[in-house]
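First up is the structure itself, then whatever we jot down about it.
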Amino acid sequence: MYNKHISEGLSNYLKNGKYAISCYLKAIEEQQWDAYYFLGNIYYWGEGYVKTNLKNAEYYYNEGILKNNAKCIYALGRYYFEKNDKNKAKPLLERAFEEIKLQALKGDYVSQYILGKYYDCGYIAETDLKLACFWYQKSAKKGYVEAINNLGYSYMCGEGCKTNISKAEMLLNTAAEQNHSYAQVNLAFLYLTYNKVTKENIDKVINLYQKAAQQGDPDAQHMLGKFYEIGHGVPQDHYQAVYWYKKASQKNYAAAQTDLSTAYYYGEGIENNLEKAFFWSKKAAKNGDSDAQCFLGQSYLEGDKVKRNVKKAIFWLTTAAEQNNVNAQNSLGEYYQKAGNYEKANYWLCRSDGQHKIFGKYGIQKKKIKGFRDEILKLSYKKLILQPINITGAVAYLDVLGWKTKASIDKSVINKLNYILESTKKALDLIGKGKFFCKVIGMADTIAIFLEEKSNNVLELMGEIITSLLFEGAKAGLYLRGAIAYGEYYILERSDFYFGSAINELALWYETCDWIGVILTPSANNELNVQITSNTKLKTLYIDYKNIPFKTNIKDKLSPYLSKNTYALNVYNYEEPQLFEVHILNSLEQLRKEKADTDVLYKYEQTLEYISYLKSLYYNY
């Protein structure tokens with residue numbers, strides 16, 4: 001189908017991009033216009049150790065368009081689509097579609113792959129993953145490495161086909177051996193997520209990330225940096241971590257830019273340099289990172305290593321606050337309070353945690369209110385007689401394992417726990433404000449979460465929030481355990497005083513287990529059994545587990561209350577589940593080195609046993 005020069009280029013473009021370029025240029029001399037598409041791709045993706053050069057990519061795509069080459073028309077449309085410029089993308093993608101489809105039907109395996117991308121990405125219509133998978137299979141059978149990678153990913157994630165991990169591994173390994181960086185990253189993810197976490201598998205993961213990172217893949221570079229920062233599978237090395245964060249940051253990878261900014265700020269793996277921390281935060285902020293936006297706003301407001309600029313400060317703080325960044329909302333509220341704009345101050349302080357309404361209405365204007373003290377006393381008297389509000393819903397208590405020791409050794413854990421608490425508040429505020437009652441409260445080392453039944457599928461929402469919270473805690477070295485109850489409880493209006501049957505039951509159960517995880521109390525077990533019949537997602541959020549490690553001194557007391565199904569939260573149900581396991585493994589190794597008590601080690605070991613059960617049940621190893 002392709003002449004010898006294009007075929008030679010396609011055989012070598014991932015291993016030797018410069019040689020492939022020479023092959024494609026020879027093909028152009030023979031008026032093989034598809035070569036423009038392949039040339040553009042080398043520069044667009046940075047393939048075969050050739051540096052990414054978008055100007056060169058656009059040049060070759062446009063040269064192909066002058067020859068009315070459908071692949072080049074598609075490629076330029078894809079370029080604009082990925083830049084989110086739909087006005088330019090759509091006419092190009094529509095123009096190319098019929099010709100691409102015709103060539104695919106004739107057996108052109110590259111066009112078959114491109115047609116799969118049309119259906120996969122929804123370039124001109126709604127996505128159709130089954131059709132995408134169909135065309136990837138056609139192309140992959142003819143050995144096209146791009147299609148082999150995409151088909152492997154489809155089998156791994158169950159997109160357009162049934163999940164088949166063995167097929168996914170075979171396909172991704174085939175593409176990875178051809179030096180396909182995306183396949184290497186995908187295969188590393190497969191090993192981390194679906195296989196047992198063993199030294200052999202971790203070595204494979206590190207090797208795959210190193211190969212992809214050396215080719216310039218920013219995902220791999222960032223992940224490799226994370227492994228060096230954590231010290232899992234490789235010796236902990238902050239200098240190597242920073243090296244790879246820099247590489248990924250230079251490709252405008254926001255997560256790496258944030259990590260690089262943090263490294264400069266704390267001087268980990270690189271010299272402490274607040275100006276460079278500010279520089280990379282600015283980059284990350286422009287890429288939409290709300291924490292970086294908040295940092296920028298506060299820096300401009302305070303004149304910290306940058307000239308004070310209130311206009312820029314308000315811009316960045318507002319940008320972050322509108323993404324529900326709590327710190328930015330508080331900073332805006334405090335700024336407007338000092339500026340005398342009480343309406344805006346009240347708005348942002350209320351959005352931050354809902355606790356400042358009275359303060360915003362009365363306190364910040366106290367110099368302007370005659371007899372302010374008398375007004376507050378009158379208000380307080382009226383609030384002495386409160387009415388209990390009856391609520392039905394889910395309640396959770398979570399506490400930090402080993403909090404007293406952690407807090408006495410490392411004072412920064414207080415800020416870490418506060419950050420996790422505020423993040424949870426932010427998530428709930430985004431989901432439920434004005435729709436149903438929801439509340440998050442911090443009490444020493446315990447986090448309490450309250451959700452009303454009006455939230456619809458309340459156990460689903462509670463499970464998703466706590467799963468995220470457990471993962472964020474593990475990243476910060478704060479491991480949580482607890483329980484979820486379901487039923488009636490009461491809150492005194494305009495107060496934080498809670499009581500009722502669900503609260504009482506929860507207080508008995510949330511510290512009963514020796515592990516890192518969350519169980520359901522009998523009331524929540526019963527409710528889950530009712531809801532699970534109409535909500536299949538609950539089957540992935542909660543798992544019936546017969547070996548929950550209850551504390552030995554209370555297990556006998558609990559046994560009469562245990563139902564036939566004893567559910568626990570699926571701690572391996574997250575975007576990057578393997579990292580949750582990695583954090584626990586690292587902590588366990590450290591505790592063993594420190595010769596921690598067997599009681600402490602037992603909690604981590606029981607958690608890993610549960611994760612192994614989940615993976616065998618869920619991920620087919």
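Residue numbering restarts at 1 for every chain of the structure tokens, chains are lettered A, B, ... in their displayed order, and ligands are numbered from 1 as they appear.
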
### Task
Find the residues around stretch 499-501 of chain A up to 8 Å (only C-alpha atoms counted), leave out those fewer than 3 positions away in its own chain, and share them as JSON, numbers by chain.
{"A": [487, 488, 489, 490, 491, 504, 505]}

### Close residues, A:Leu171 itself excluded, 12 Å, only C-alpha atoms, min 6 positions apart in chain, as a list of chain:residue names
A:Tyr136, A:Gln137, A:Ala140, A:Lys141, A:Gly143, A:Tyr144, A:Val145, A:Glu146, A:Ala147, A:Ile148, A:Asn149, A:Asn150, A:Leu151, A:Gly152, A:Tyr153, A:Ser154, A:Tyr155, A:Met156, A:Asn164, A:Ile165, A:Glu177, A:Gln178, A:His180, A:Ala183, A:Gln184, A:Asn186, A:Leu187, A:Leu190

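For A:Glu453, the set of protein, DNA and RNA residues having any atom at most 12 Å away, when counting only C-alpha atoms and skipping those fewer than 4 positions along the same chain, is Asn390, Ile391, Thr392, Gly393, Ala394, Val395, Gly432, Lys435, Phe436, Phe437, Cys438, Asn457, Val458, Leu459, Glu460, Leu461, Met462, Tyr486, Gly487, Glu488, Tyr489 and Glu527 of chain A.
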
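The environment of A:Tyr336 within 10 Å, counting only C-alpha atoms and disregarding residues fewer than 2 places along the same chain, consists of Ile314, Asn330, Ser331, Leu332, Gly333, Glu334, Lys338, Ala339, Gly340, Asn341, Tyr342, Glu343, Lys344, Ala345, Asn346, Tyr347, Trp348 and Leu349 of chain A.
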
Next, write the just-selected residues to a file, as a PDB file, in the first residue's frame, keeping N, CA and C atoms as the atom set.
ATOM      1  N   ILE A 314      -5.989  40.303  42.822  1.00  0.00           N
ATOM      2  CA  ILE A 314      -7.430  40.039  42.795  1.00  0.00           C
ATOM      3  C   ILE A 314      -7.786  39.134  41.623  1.00  0.00           C
ATOM      4  N   ASN A 330     -10.790  32.638  51.240  1.00  0.00           N
ATOM      5  CA  ASN A 330     -10.504  33.313  52.510  1.00  0.00           C
ATOM      6  C   ASN A 330      -9.676  34.576  52.301  1.00  0.00           C
ATOM      7  N   SER A 331      -8.650  34.470  51.422  1.00  0.00           N
ATOM      8  CA  SER A 331      -7.800  35.638  51.160  1.00  0.00           C
ATOM      9  C   SER A 331      -8.598  36.774  50.554  1.00  0.00           C
ATOM     10  N   LEU A 332      -9.498  36.456  49.632  1.00  0.00           N
ATOM     11  CA  LEU A 332     -10.349  37.486  49.032  1.00  0.00           C
ATOM     12  C   LEU A 332     -11.265  38.108  50.073  1.00  0.00           C
ATOM     13  N   GLY A 333     -11.864  37.244  50.902  1.00  0.00           N
ATOM     14  CA  GLY A 333     -12.755  37.753  51.941  1.00  0.00           C
ATOM     15  C   GLY A 333     -12.048  38.704  52.881  1.00  0.00           C
ATOM     16  N   GLU A 334     -10.840  38.331  53.300  1.00  0.00           N
ATOM     17  CA  GLU A 334     -10.069  39.186  54.214  1.00  0.00           C
ATOM     18  C   GLU A 334      -9.661  40.489  53.541  1.00  0.00           C
ATOM     19  N   LYS A 338     -10.913  44.299  54.784  1.00  0.00           N
ATOM     20  CA  LYS A 338     -10.043  45.437  55.107  1.00  0.00           C
ATOM     21  C   LYS A 338     -10.335  46.635  54.221  1.00  0.00           C
ATOM     22  N   ALA A 339     -10.763  46.351  52.964  1.00  0.00           N
ATOM     23  CA  ALA A 339     -11.045  47.441  52.023  1.00  0.00           C
ATOM     24  C   ALA A 339     -12.408  48.080  52.263  1.00  0.00           C
ATOM     25  N   GLY A 340     -13.203  47.490  53.167  1.00  0.00           N
ATOM     26  CA  GLY A 340     -14.510  48.056  53.482  1.00  0.00           C
ATOM     27  C   GLY A 340     -15.620  47.635  52.535  1.00  0.00           C
ATOM     28  N   ASN A 341     -15.328  46.648  51.658  1.00  0.00           N
ATOM     29  CA  ASN A 341     -16.370  46.150  50.760  1.00  0.00           C
ATOM     30  C   ASN A 341     -17.006  44.924  51.422  1.00  0.00           C
ATOM     31  N   TYR A 342     -17.955  45.191  52.320  1.00  0.00           N
ATOM     32  CA  TYR A 342     -18.486  44.132  53.177  1.00  0.00           C
ATOM     33  C   TYR A 342     -19.351  43.132  52.407  1.00  0.00           C
ATOM     34  N   GLU A 343     -19.965  43.581  51.331  1.00  0.00           N
ATOM     35  CA  GLU A 343     -20.797  42.671  50.552  1.00  0.00           C
ATOM     36  C   GLU A 343     -19.940  41.564  49.930  1.00  0.00           C
ATOM     37  N   LYS A 344     -18.822  41.951  49.290  1.00  0.00           N
ATOM     38  CA  LYS A 344     -17.939  40.951  48.679  1.00  0.00           C
ATOM     39  C   LYS A 344     -17.211  40.129  49.739  1.00  0.00           C
ATOM     40  N   ALA A 345     -16.846  40.774  50.838  1.00  0.00           N
ATOM     41  CA  ALA A 345     -16.188  40.047  51.923  1.00  0.00           C
ATOM     42  C   ALA A 345     -17.094  38.948  52.446  1.00  0.00           C
ATOM     43  N   ASN A 346     -18.332  39.306  52.672  1.00  0.00           N
ATOM     44  CA  ASN A 346     -19.301  38.339  53.177  1.00  0.00           C
ATOM     45  C   ASN A 346     -19.500  37.194  52.180  1.00  0.00           C
ATOM     46  N   TYR A 347     -19.559  37.527  50.895  1.00  0.00           N
ATOM     47  CA  TYR A 347     -19.781  36.520  49.852  1.00  0.00           C
ATOM     48  C   TYR A 347     -18.674  35.470  49.849  1.00  0.00           C
ATOM     49  N   TRP A 348     -17.401  35.931  49.844  1.00  0.00           N
ATOM     50  CA  TRP A 348     -16.294  34.979  49.741  1.00  0.00           C
ATOM     51  C   TRP A 348     -16.055  34.224  51.043  1.00  0.00           C
ATOM     52  N   LEU A 349     -16.257  34.892  52.174  1.00  0.00           N
ATOM     53  CA  LEU A 349     -16.084  34.193  53.443  1.00  0.00           C
ATOM     54  C   LEU A 349     -17.163  33.126  53.623  1.00  0.00           C
TER      55      LEU A 349
END

Please identify all polymer residues within 6 Å of stretch 220-237 of chain A, counting only C-alpha atoms, omitting same-chain residues fewer than 5 positions from it, and present them as a JSON list (two decimals) with C-alpha atoms, in the first residue's frame.
[["chain", "number", "residue", "atom", "x", "y", "z"],
["A", 202, "ILE", "CA", 8.05, -2.34, 40.16],
["A", 209, "TYR", "CA", 8.93, 5.02, 32.68],
["A", 212, "ALA", "CA", 9.34, 6.76, 27.84],
["A", 213, "ALA", "CA", 10.84, 9.66, 29.82],
["A", 244, "TRP", "CA", 12.48, 14.91, 35.77],
["A", 245, "TYR", "CA", 10.05, 17.56, 37.04],
["A", 248, "ALA", "CA", 8.11, 17.63, 32.15],
["A", 256, "ALA", "CA", 5.14, 18.82, 37.18]]

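The two atoms in question, atom CA of A:Glu99 and atom CA of A:Tyr44, are spaced 22.5 Å apart.
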
### Query
What's the 9 Å shell around A:Glu94, counting only C-alpha atoms, without same-chain residues fewer than 2 positions away, as a list of chain:residue names?
A:Tyr74, A:Gly77, A:Ala89, A:Lys90, A:Pro91, A:Leu92, A:Ala96, A:Phe97, A:Glu98, A:Tyr123, A:Ile124

### Message
I'd like the contact shell of A:Leu608 - 12 Å cut-off, only C-alpha atoms, skipping same-chain residues fewer than 4 positions apart - returned as a count of residues only.
### Response
27

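Between atom CA of A:Thr566 and atom CA of A:Tyr545 lies a distance of 6.0 Å.
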
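Among the candidates A:Asp219, A:Asp128, A:Glu63, A:Asp445, the one nearest to A:Val413 when counting only C-alpha atoms is A:Asp445.
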